[in-house]
Amino acid sequence: MIVGRPFLTVDQIQKKVRDLADSISTDYGNKNLLAVGILKGAFVFYSDLVRMIRVPLMVDFILASSYVKSNTSGEVKVMHDITADVTDKDVLLVEDIVDTGITLNYIRERMLMKEPRSLRICTFLDKKERREVEVPLDYVGYSIPNEFVVGYGLDYDNKFRNLPYISVFKKRT
Ligand code: 5GP
């Protein structure tokens with residue numbers, strides 16, 4: 001297994017997180033922001049992002065995992081859900097990467113059933129060409145090609161999440 005050179009460097013990551021946080025701070029000035037991190041992958045991005053947002057916010061988390069049952073359908077399991085009442089909240093879902101869109105679509109629909117005052121989505125990475133289910137993305141860090149990446153919270157087999165940069169992961173053949 002090989003983790004290559006940085007695909008996105010620490011500097012590139014931090015600059016993009018600041019840009020996203022600036023946009024969110026502008027948009028949520030008069031709102032009741034609840035930032036919901038989707039674990040595990042988003043934990044690093046989420047903690048950087050909320051510390052750069054300059055408006056008051058509350059935090060909450062969803063722990064979800066998805067696994068592919070066949071080539072075309074995935075199943076999502078929520079192991080921990082938010083604890084907050086969202087009916088008076090402007091919810092921002094914070095995700096690390098959107099691939100097929102199946103995970104985020106499931107989480108979005110589940111959140112909409114709780115009837116938040118508003119709902120938006122922020123993802124650090126977007127692998128558009130892999131999309132199977134359309135999900136509206138309001139804040140996107142980087143659109144990336146169809147490569148498997150690790151680092152900055154993203155794992156392979158629950159490893160590499162602590163790399164401070166993002167790298168393309170390749171299996172040695
Ligand atoms: P989905 O296909 O439902 O959009 O994405 C499901 C999950 O697969 C993501 O939340 C993420 O945990 C994982 N995933 C998708 N693409 C990648 C990738 O390139 N690298 C890593 N480490 N995980 C990925």
# chains A, B, ... in the order shown; residues from 1 in each chain; ligands from 1

call {"tool": "closest_atom_pairs", "arguments": {"of": "chain A", "to": "ligand 1", "cutoff": "9 Å", "atoms": "only C-alpha atoms and all ligand atoms", "output": "CSV"}}
result
residue,atom,partner,partner_atom_place_in_ligand_line,distance
A:Ile38,CA,ligand 1,10 (O),8.1
A:Leu39,CA,ligand 1,10 (O),8.4
A:Lys40,CA,ligand 1,12 (O),7.6
A:Gly41,CA,ligand 1,12 (O),5.6
A:Ala42,CA,ligand 1,10 (O),8.2
A:Ala64,CA,ligand 1,10 (O),8.4
A:Ser65,CA,ligand 1,7 (C),7.2
A:Ser66,CA,ligand 1,6 (C),5.8
A:Tyr67,CA,ligand 1,6 (C),7.7
A:Val68,CA,ligand 1,2 (O),8.5
A:Gly74,CA,ligand 1,3 (O),7.2
A:Glu75,CA,ligand 1,3 (O),8.6
A:Val76,CA,ligand 1,3 (O),8.0
A:Glu95,CA,ligand 1,10 (O),7.0
A:Asp96,CA,ligand 1,10 (O),6.5
A:Ile97,CA,ligand 1,9 (C),5.5
A:Val98,CA,ligand 1,4 (O),4.1
A:Asp99,CA,ligand 1,4 (O),3.4
A:Thr100,CA,ligand 1,2 (O),3.6
A:Gly101,CA,ligand 1,4 (O),3.5
A:Ile102,CA,ligand 1,3 (O),4.0
A:Thr103,CA,ligand 1,3 (O),3.7
A:Leu104,CA,ligand 1,3 (O),6.1
A:Asn105,CA,ligand 1,3 (O),7.9
A:Tyr106,CA,ligand 1,3 (O),8.6
A:Leu125,CA,ligand 1,19 (O),8.8
A:Asp126,CA,ligand 1,4 (O),8.7
A:Lys127,CA,ligand 1,16 (N),7.4
A:Arg130,CA,ligand 1,2 (O),7.8
A:Arg131,CA,ligand 1,4 (O),7.3
A:Glu132,CA,ligand 1,2 (O),8.2
A:Val133,CA,ligand 1,4 (O),8.4
A:Asn146,CA,ligand 1,19 (O),7.5
A:Glu147,CA,ligand 1,19 (O),5.8
A:Phe148,CA,ligand 1,19 (O),3.4
A:Val149,CA,ligand 1,19 (O),4.1
A:Val150,CA,ligand 1,22 (N),4.6
A:Gly151,CA,ligand 1,22 (N),7.4
A:Gly153,CA,ligand 1,22 (N),7.9
A:Leu154,CA,ligand 1,22 (N),4.1
A:Asp155,CA,ligand 1,22 (N),4.1
A:Tyr156,CA,ligand 1,22 (N),5.3
A:Asp157,CA,ligand 1,22 (N),8.4
A:Asn158,CA,ligand 1,22 (N),8.5
A:Lys159,CA,ligand 1,22 (N),9.0
A:Phe160,CA,ligand 1,22 (N),8.5
A:Arg161,CA,ligand 1,22 (N),8.2
A:Val168,CA,ligand 1,19 (O),7.9
A:Phe169,CA,ligand 1,20 (N),8.0

call {"tool": "residues_around", "arguments": {"residues": "A:Phe124", "least_positions_apart": "5", "cutoff": "10 Å", "atoms": "only C-alpha atoms", "output": "list in words"}}
result
Ile13, Lys16, Val17, Leu20, Ala42, Phe45, Tyr46, Leu49, Val94, Glu95, Asp96, Ile97, Val98, Tyr139, Val140, Gly141, Tyr142 and Ser143 of chain A

call {"tool": "residues_around", "arguments": {"residues": "A:Val36", "least_positions_apart": "4", "cutoff": "7 Å", "atoms": "only C-alpha atoms", "output": "PyMOL selection string"}}
result
chain A and resi 59-62+91-94

call {"tool": "write_last_selection", "arguments": {"atoms": "N, CA, C and O atoms", "output": "tab-separated table (two decimals), in the first residue's frame"}}
result
chain	number	residue	atom	x	y	z
A	59	VAL	N	-22.82	23.01	18.26
A	59	VAL	CA	-22.25	21.83	17.59
A	59	VAL	C	-23.07	20.58	17.91
A	59	VAL	O	-23.67	20.46	18.97
A	60	ASP	N	-23.09	19.69	16.94
A	60	ASP	CA	-23.68	18.37	17.16
A	60	ASP	C	-23.09	17.42	16.13
A	60	ASP	O	-22.40	17.87	15.18
A	61	PHE	N	-23.35	16.12	16.31
A	61	PHE	CA	-22.68	15.13	15.45
A	61	PHE	C	-23.61	13.98	15.08
A	61	PHE	O	-24.50	13.61	15.85
A	62	ILE	N	-23.36	13.45	13.90
A	62	ILE	CA	-23.99	12.20	13.46
A	62	ILE	C	-22.85	11.23	13.17
A	62	ILE	O	-21.88	11.62	12.50
A	91	VAL	N	-29.58	24.44	10.26
A	91	VAL	CA	-28.64	23.33	10.31
A	91	VAL	C	-27.68	23.36	9.12
A	91	VAL	O	-28.11	23.53	7.96
A	92	LEU	N	-26.40	23.19	9.42
A	92	LEU	CA	-25.39	23.04	8.38
A	92	LEU	C	-24.75	21.66	8.56
A	92	LEU	O	-24.08	21.41	9.57
A	93	LEU	N	-24.98	20.77	7.60
A	93	LEU	CA	-24.33	19.45	7.65
A	93	LEU	C	-22.92	19.60	7.11
A	93	LEU	O	-22.71	20.20	6.05
A	94	VAL	N	-21.95	19.07	7.85
A	94	VAL	CA	-20.54	19.20	7.45
A	94	VAL	C	-19.99	17.80	7.16
A	94	VAL	O	-19.89	16.95	8.04

call {"tool": "atom_distance", "arguments": {"atom1": "atom CA of A:Ser118", "atom2": "atom CA of A:Asp88"}}
result
8.7 Å

call {"tool": "select_by_dssp", "arguments": {"residues": "stretch 26-57 of chain A", "states": "helix (DSSP H, G or I)", "output": "ChimeraX atom specification"}}
result
/A:26-27,43-52

call {"tool": "write_last_selection", "arguments": {"atoms": "all heavy atoms", "output": "compact mmCIF listing (two decimals), in the first residue's frame"}}
result
# COMPACT_ATOMS: atom_id res chain seq x y z
N THR A 26 -20.58 34.93 6.56
CA THR A 26 -21.38 35.97 5.90
C THR A 26 -22.84 35.55 5.82
O THR A 26 -23.74 36.31 6.14
CB THR A 26 -20.84 36.21 4.46
OG1 THR A 26 -19.48 36.56 4.56
CG2 THR A 26 -21.62 37.29 3.75
N ASP A 27 -23.07 34.29 5.44
CA ASP A 27 -24.45 33.82 5.21
C ASP A 27 -25.23 33.60 6.51
O ASP A 27 -26.46 33.64 6.50
CB ASP A 27 -24.43 32.50 4.43
CG ASP A 27 -23.87 32.70 3.02
OD1 ASP A 27 -23.70 33.86 2.61
OD2 ASP A 27 -23.61 31.68 2.35
N PHE A 43 -14.26 14.69 11.03
CA PHE A 43 -13.90 15.28 12.33
C PHE A 43 -12.78 16.30 12.25
O PHE A 43 -12.78 17.29 12.98
CB PHE A 43 -13.60 14.18 13.38
CG PHE A 43 -12.23 13.57 13.32
CD1 PHE A 43 -11.27 13.88 14.28
CD2 PHE A 43 -11.89 12.65 12.34
CE1 PHE A 43 -10.01 13.30 14.25
CE2 PHE A 43 -10.63 12.06 12.30
CZ PHE A 43 -9.69 12.38 13.26
N VAL A 44 -11.84 16.12 11.34
CA VAL A 44 -10.72 17.08 11.25
C VAL A 44 -11.18 18.36 10.54
O VAL A 44 -10.99 19.48 11.04
CB VAL A 44 -9.52 16.46 10.51
CG1 VAL A 44 -8.37 17.46 10.45
CG2 VAL A 44 -9.06 15.18 11.19
N PHE A 45 -11.81 18.20 9.40
CA PHE A 45 -12.35 19.35 8.65
C PHE A 45 -13.31 20.14 9.52
O PHE A 45 -13.24 21.38 9.59
CB PHE A 45 -13.04 18.84 7.37
CG PHE A 45 -13.82 19.88 6.64
CD1 PHE A 45 -13.27 21.13 6.35
CD2 PHE A 45 -15.12 19.62 6.21
CE1 PHE A 45 -14.00 22.10 5.66
CE2 PHE A 45 -15.85 20.57 5.52
CZ PHE A 45 -15.30 21.82 5.25
N TYR A 46 -14.19 19.43 10.20
CA TYR A 46 -15.21 20.08 11.05
C TYR A 46 -14.55 20.94 12.12
O TYR A 46 -14.93 22.10 12.33
CB TYR A 46 -16.08 19.00 11.68
CG TYR A 46 -17.15 19.52 12.59
CD1 TYR A 46 -18.42 19.81 12.11
CD2 TYR A 46 -16.91 19.72 13.95
CE1 TYR A 46 -19.42 20.28 12.94
CE2 TYR A 46 -17.90 20.20 14.79
CZ TYR A 46 -19.14 20.48 14.28
OH TYR A 46 -20.12 20.95 15.11
N SER A 47 -13.54 20.39 12.78
CA SER A 47 -12.93 21.15 13.89
C SER A 47 -12.15 22.35 13.36
O SER A 47 -12.12 23.40 14.00
CB SER A 47 -12.07 20.25 14.78
OG SER A 47 -10.98 19.76 14.04
N ASP A 48 -11.54 22.24 12.19
CA ASP A 48 -10.89 23.41 11.59
C ASP A 48 -11.94 24.45 11.18
O ASP A 48 -11.79 25.64 11.43
CB ASP A 48 -10.10 23.00 10.33
CG ASP A 48 -8.75 22.39 10.67
OD1 ASP A 48 -8.36 22.43 11.86
OD2 ASP A 48 -8.09 21.89 9.74
N LEU A 49 -13.01 23.96 10.54
CA LEU A 49 -14.03 24.88 10.00
C LEU A 49 -14.71 25.68 11.11
O LEU A 49 -14.80 26.91 11.01
CB LEU A 49 -15.08 24.06 9.21
CG LEU A 49 -16.15 24.88 8.51
CD1 LEU A 49 -15.56 25.60 7.29
CD2 LEU A 49 -17.32 23.99 8.06
N VAL A 50 -15.19 25.00 12.15
CA VAL A 50 -15.95 25.74 13.18
C VAL A 50 -15.06 26.76 13.89
O VAL A 50 -15.55 27.80 14.31
CB VAL A 50 -16.65 24.81 14.21
CG1 VAL A 50 -17.73 23.98 13.54
CG2 VAL A 50 -15.66 23.93 14.97
N ARG A 51 -13.74 26.49 13.97
CA ARG A 51 -12.87 27.44 14.64
C ARG A 51 -12.59 28.66 13.77
O ARG A 51 -12.11 29.68 14.26
CB ARG A 51 -11.56 26.77 15.07
CG ARG A 51 -11.77 25.90 16.30
CD ARG A 51 -10.50 25.21 16.71
NE ARG A 51 -10.08 24.25 15.70
CZ ARG A 51 -8.88 23.68 15.68
NH1 ARG A 51 -8.00 23.97 16.61
NH2 ARG A 51 -8.59 22.81 14.74
N MET A 52 -12.90 28.56 12.47
CA MET A 52 -12.69 29.73 11.59
C MET A 52 -14.00 30.47 11.31
O MET A 52 -13.98 31.55 10.72
CB MET A 52 -12.05 29.28 10.28
CG MET A 52 -10.60 28.89 10.43
SD MET A 52 -9.86 28.57 8.82
CE MET A 52 -8.34 27.76 9.30

call {"tool": "closest_residue", "arguments": {"among": "A:Glu115, A:Glu134, A:Gly37, A:Met58", "to": "A:His80", "atoms": "only C-alpha atoms"}}
result
A:Gly37

call {"tool": "select_by_dssp", "arguments": {"residues": "stretch 30-61 of chain A", "states": "strand (DSSP E or B)", "output": "number ranges by chain"}}
result
A: 33-39, 57-61

call {"tool": "write_last_selection", "arguments": {"atoms": "N, CA, C and O atoms", "output": "compact mmCIF listing (two decimals), in the first residue's frame"}}
result
# COMPACT_ATOMS: atom_id res chain seq x y z
N LEU A 33 -27.25 29.09 13.96
CA LEU A 33 -26.49 28.03 13.29
C LEU A 33 -26.19 26.83 14.20
O LEU A 33 -25.63 26.97 15.28
N LEU A 34 -26.60 25.66 13.69
CA LEU A 34 -26.20 24.39 14.32
C LEU A 34 -25.35 23.64 13.30
O LEU A 34 -25.85 23.20 12.26
N ALA A 35 -24.05 23.52 13.58
CA ALA A 35 -23.13 22.83 12.66
C ALA A 35 -23.08 21.36 13.07
O ALA A 35 -22.69 21.03 14.19
N VAL A 36 -23.50 20.50 12.15
CA VAL A 36 -23.57 19.06 12.44
C VAL A 36 -22.48 18.33 11.66
O VAL A 36 -22.52 18.26 10.43
N GLY A 37 -21.51 17.81 12.39
CA GLY A 37 -20.41 17.08 11.75
C GLY A 37 -20.80 15.63 11.51
O GLY A 37 -21.42 14.99 12.36
N ILE A 38 -20.45 15.12 10.35
CA ILE A 38 -20.75 13.73 10.02
C ILE A 38 -19.47 12.92 10.25
O ILE A 38 -18.48 13.06 9.53
N LEU A 39 -19.52 12.10 11.29
CA LEU A 39 -18.36 11.32 11.72
C LEU A 39 -18.35 9.98 11.00
O LEU A 39 -19.39 9.51 10.58
N LEU A 57 -22.32 29.68 17.03
CA LEU A 57 -22.87 28.41 16.52
C LEU A 57 -22.95 27.39 17.64
O LEU A 57 -22.31 27.52 18.68
N MET A 58 -23.77 26.37 17.39
CA MET A 58 -23.83 25.21 18.28
C MET A 58 -23.28 24.01 17.51
O MET A 58 -23.31 24.01 16.28
N VAL A 59 -22.82 23.01 18.26
CA VAL A 59 -22.25 21.83 17.59
C VAL A 59 -23.07 20.58 17.91
O VAL A 59 -23.67 20.46 18.97
N ASP A 60 -23.09 19.69 16.94
CA ASP A 60 -23.68 18.37 17.16
C ASP A 60 -23.09 17.42 16.13
O ASP A 60 -22.40 17.87 15.18
N PHE A 61 -23.35 16.12 16.31
CA PHE A 61 -22.68 15.13 15.45
C PHE A 61 -23.61 13.98 15.08
O PHE A 61 -24.50 13.61 15.85

call {"tool": "atom_distance", "arguments": {"atom1": "atom CA of A:Leu137", "atom2": "atom CA of A:Ile82"}}
result
20.4 Å

call {"tool": "atom_distance", "arguments": {"atom1": "atom CA of A:Pro164", "atom2": "atom CA of A:Val10"}}
result
6.3 Å

call {"tool": "decode", "arguments": {"residues": "stretch 5-132 of chain A", "atoms": "C-alpha atoms", "output": "mmCIF file, in the first residue's frame"}}
result
data_model
loop_
_atom_site.group_PDB
_atom_site.id
_atom_site.type_symbol
_atom_site.label_atom_id
_atom_site.label_comp_id
_atom_site.auth_asym_id
_atom_site.auth_seq_id
_atom_site.Cartn_x
_atom_site.Cartn_y
_atom_site.Cartn_z
ATOM 1 C CA ARG A 5 2.890 12.858 -2.031
ATOM 2 C CA PRO A 6 0.333 15.446 -0.936
ATOM 3 C CA PHE A 7 -2.511 15.833 -3.411
ATOM 4 C CA LEU A 8 -3.712 18.790 -1.356
ATOM 5 C CA THR A 9 -1.123 20.381 0.910
ATOM 6 C CA VAL A 10 -1.659 21.711 4.419
ATOM 7 C CA ASP A 11 -1.526 25.263 3.030
ATOM 8 C CA GLN A 12 -4.071 24.535 0.290
ATOM 9 C CA ILE A 13 -6.375 22.903 2.827
ATOM 10 C CA GLN A 14 -6.157 25.729 5.348
ATOM 11 C CA LYS A 15 -6.739 28.407 2.717
ATOM 12 C CA LYS A 16 -9.838 26.622 1.414
ATOM 13 C CA VAL A 17 -11.219 26.060 4.910
ATOM 14 C CA ARG A 18 -10.812 29.782 5.589
ATOM 15 C CA ASP A 19 -12.673 30.669 2.359
ATOM 16 C CA LEU A 20 -15.523 28.301 3.272
ATOM 17 C CA ALA A 21 -15.684 29.676 6.821
ATOM 18 C CA ASP A 22 -15.796 33.248 5.480
ATOM 19 C CA SER A 23 -18.745 32.410 3.189
ATOM 20 C CA ILE A 24 -20.574 30.636 6.008
ATOM 21 C CA SER A 25 -19.912 33.523 8.428
ATOM 22 C CA THR A 26 -21.376 35.966 5.901
ATOM 23 C CA ASP A 27 -24.447 33.825 5.214
ATOM 24 C CA TYR A 28 -25.237 32.918 8.840
ATOM 25 C CA GLY A 29 -24.805 36.335 10.488
ATOM 26 C CA ASN A 30 -28.415 36.571 11.707
ATOM 27 C CA LYS A 31 -29.195 32.881 11.963
ATOM 28 C CA ASN A 32 -29.276 30.229 14.642
ATOM 29 C CA LEU A 33 -26.487 28.028 13.288
ATOM 30 C CA LEU A 34 -26.204 24.388 14.320
ATOM 31 C CA ALA A 35 -23.133 22.832 12.661
ATOM 32 C CA VAL A 36 -23.575 19.062 12.444
ATOM 33 C CA GLY A 37 -20.413 17.076 11.750
ATOM 34 C CA ILE A 38 -20.747 13.728 10.024
ATOM 35 C CA LEU A 39 -18.360 11.319 11.715
ATOM 36 C CA LYS A 40 -15.987 9.820 11.489
ATOM 37 C CA GLY A 41 -14.438 11.271 8.344
ATOM 38 C CA ALA A 42 -15.385 14.922 8.856
ATOM 39 C CA PHE A 43 -13.900 15.278 12.332
ATOM 40 C CA VAL A 44 -10.720 17.081 11.251
ATOM 41 C CA PHE A 45 -12.346 19.345 8.651
ATOM 42 C CA TYR A 46 -15.206 20.080 11.046
ATOM 43 C CA SER A 47 -12.930 21.150 13.888
ATOM 44 C CA ASP A 48 -10.892 23.410 11.588
ATOM 45 C CA LEU A 49 -14.028 24.876 9.996
ATOM 46 C CA VAL A 50 -15.948 25.738 13.176
ATOM 47 C CA ARG A 51 -12.875 27.443 14.637
ATOM 48 C CA MET A 52 -12.693 29.727 11.593
ATOM 49 C CA ILE A 53 -16.417 30.581 11.510
ATOM 50 C CA ARG A 54 -16.907 34.019 13.050
ATOM 51 C CA VAL A 55 -20.588 33.840 14.049
ATOM 52 C CA PRO A 56 -22.095 32.076 17.076
ATOM 53 C CA LEU A 57 -22.874 28.414 16.522
ATOM 54 C CA MET A 58 -23.831 25.213 18.281
ATOM 55 C CA VAL A 59 -22.254 21.831 17.592
ATOM 56 C CA ASP A 60 -23.684 18.370 17.163
ATOM 57 C CA PHE A 61 -22.685 15.133 15.453
ATOM 58 C CA ILE A 62 -23.989 12.201 13.462
ATOM 59 C CA LEU A 63 -21.986 8.992 13.369
ATOM 60 C CA ALA A 64 -22.840 7.148 10.177
ATOM 61 C CA SER A 65 -21.323 4.492 8.018
ATOM 62 C CA SER A 66 -22.237 3.259 4.600
ATOM 63 C CA TYR A 67 -21.449 0.037 2.929
ATOM 64 C CA VAL A 68 -22.118 -1.090 -0.607
ATOM 65 C CA LYS A 69 -24.402 -4.096 -0.869
ATOM 66 C CA SER A 70 -24.175 -4.323 -4.642
ATOM 67 C CA ASN A 71 -22.656 -2.241 -7.406
ATOM 68 C CA THR A 72 -25.592 0.120 -7.513
ATOM 69 C CA SER A 73 -26.993 0.429 -4.020
ATOM 70 C CA GLY A 74 -25.502 1.350 -0.692
ATOM 71 C CA GLU A 75 -26.944 1.095 2.781
ATOM 72 C CA VAL A 76 -26.400 3.710 5.442
ATOM 73 C CA LYS A 77 -26.365 3.009 9.149
ATOM 74 C CA VAL A 78 -26.640 5.788 11.738
ATOM 75 C CA MET A 79 -24.920 4.734 14.976
ATOM 76 C CA HIS A 80 -25.339 8.087 16.743
ATOM 77 C CA ASP A 81 -27.821 10.846 15.902
ATOM 78 C CA ILE A 82 -27.937 14.510 16.922
ATOM 79 C CA THR A 83 -29.290 15.328 20.351
ATOM 80 C CA ALA A 84 -30.514 18.878 19.628
ATOM 81 C CA ASP A 85 -34.069 19.935 18.734
ATOM 82 C CA VAL A 86 -33.651 21.487 15.278
ATOM 83 C CA THR A 87 -37.035 23.130 14.713
ATOM 84 C CA ASP A 88 -35.581 26.573 15.561
ATOM 85 C CA LYS A 89 -32.123 25.905 14.094
ATOM 86 C CA ASP A 90 -30.388 26.632 10.810
ATOM 87 C CA VAL A 91 -28.636 23.330 10.315
ATOM 88 C CA LEU A 92 -25.386 23.036 8.376
ATOM 89 C CA LEU A 93 -24.333 19.450 7.645
ATOM 90 C CA VAL A 94 -20.541 19.197 7.452
ATOM 91 C CA GLU A 95 -19.170 16.283 5.428
ATOM 92 C CA ASP A 96 -15.643 15.275 4.404
ATOM 93 C CA ILE A 97 -16.317 13.887 0.920
ATOM 94 C CA VAL A 98 -19.290 13.229 -1.352
ATOM 95 C CA ASP A 99 -18.818 10.282 -3.665
ATOM 96 C CA THR A 100 -21.972 8.469 -4.892
ATOM 97 C CA GLY A 101 -24.072 10.815 -2.733
ATOM 98 C CA ILE A 102 -25.900 7.910 -1.091
ATOM 99 C CA THR A 103 -24.694 8.623 2.469
ATOM 100 C CA LEU A 104 -25.375 12.337 2.388
ATOM 101 C CA ASN A 105 -28.723 11.937 0.671
ATOM 102 C CA TYR A 106 -29.842 9.543 3.409
ATOM 103 C CA ILE A 107 -28.628 11.852 6.178
ATOM 104 C CA ARG A 108 -30.200 14.897 4.503
ATOM 105 C CA GLU A 109 -33.604 13.213 4.179
ATOM 106 C CA ARG A 110 -33.417 12.007 7.766
ATOM 107 C CA MET A 111 -32.593 15.554 8.930
ATOM 108 C CA LEU A 112 -35.397 17.095 6.836
ATOM 109 C CA MET A 113 -37.889 14.861 8.662
ATOM 110 C CA LYS A 114 -36.899 16.658 11.878
ATOM 111 C CA GLU A 115 -38.047 19.936 10.208
ATOM 112 C CA PRO A 116 -35.101 22.280 10.820
ATOM 113 C CA ARG A 117 -35.666 25.984 10.102
ATOM 114 C CA SER A 118 -33.215 25.633 7.232
ATOM 115 C CA LEU A 119 -30.756 23.032 5.992
ATOM 116 C CA ARG A 120 -27.565 23.470 4.012
ATOM 117 C CA ILE A 121 -24.631 21.221 3.252
ATOM 118 C CA CYS A 122 -20.889 21.885 3.323
ATOM 119 C CA THR A 123 -18.442 19.295 2.013
ATOM 120 C CA PHE A 124 -14.691 19.639 1.781
ATOM 121 C CA LEU A 125 -14.299 17.319 -1.216
ATOM 122 C CA ASP A 126 -16.650 16.481 -4.072
ATOM 123 C CA LYS A 127 -16.110 13.551 -6.460
ATOM 124 C CA LYS A 128 -18.767 14.692 -8.925
ATOM 125 C CA GLU A 129 -18.198 12.106 -11.616
ATOM 126 C CA ARG A 130 -19.069 9.281 -9.189
ATOM 127 C CA ARG A 131 -22.492 10.670 -8.308
ATOM 128 C CA GLU A 132 -25.445 8.263 -8.326
#
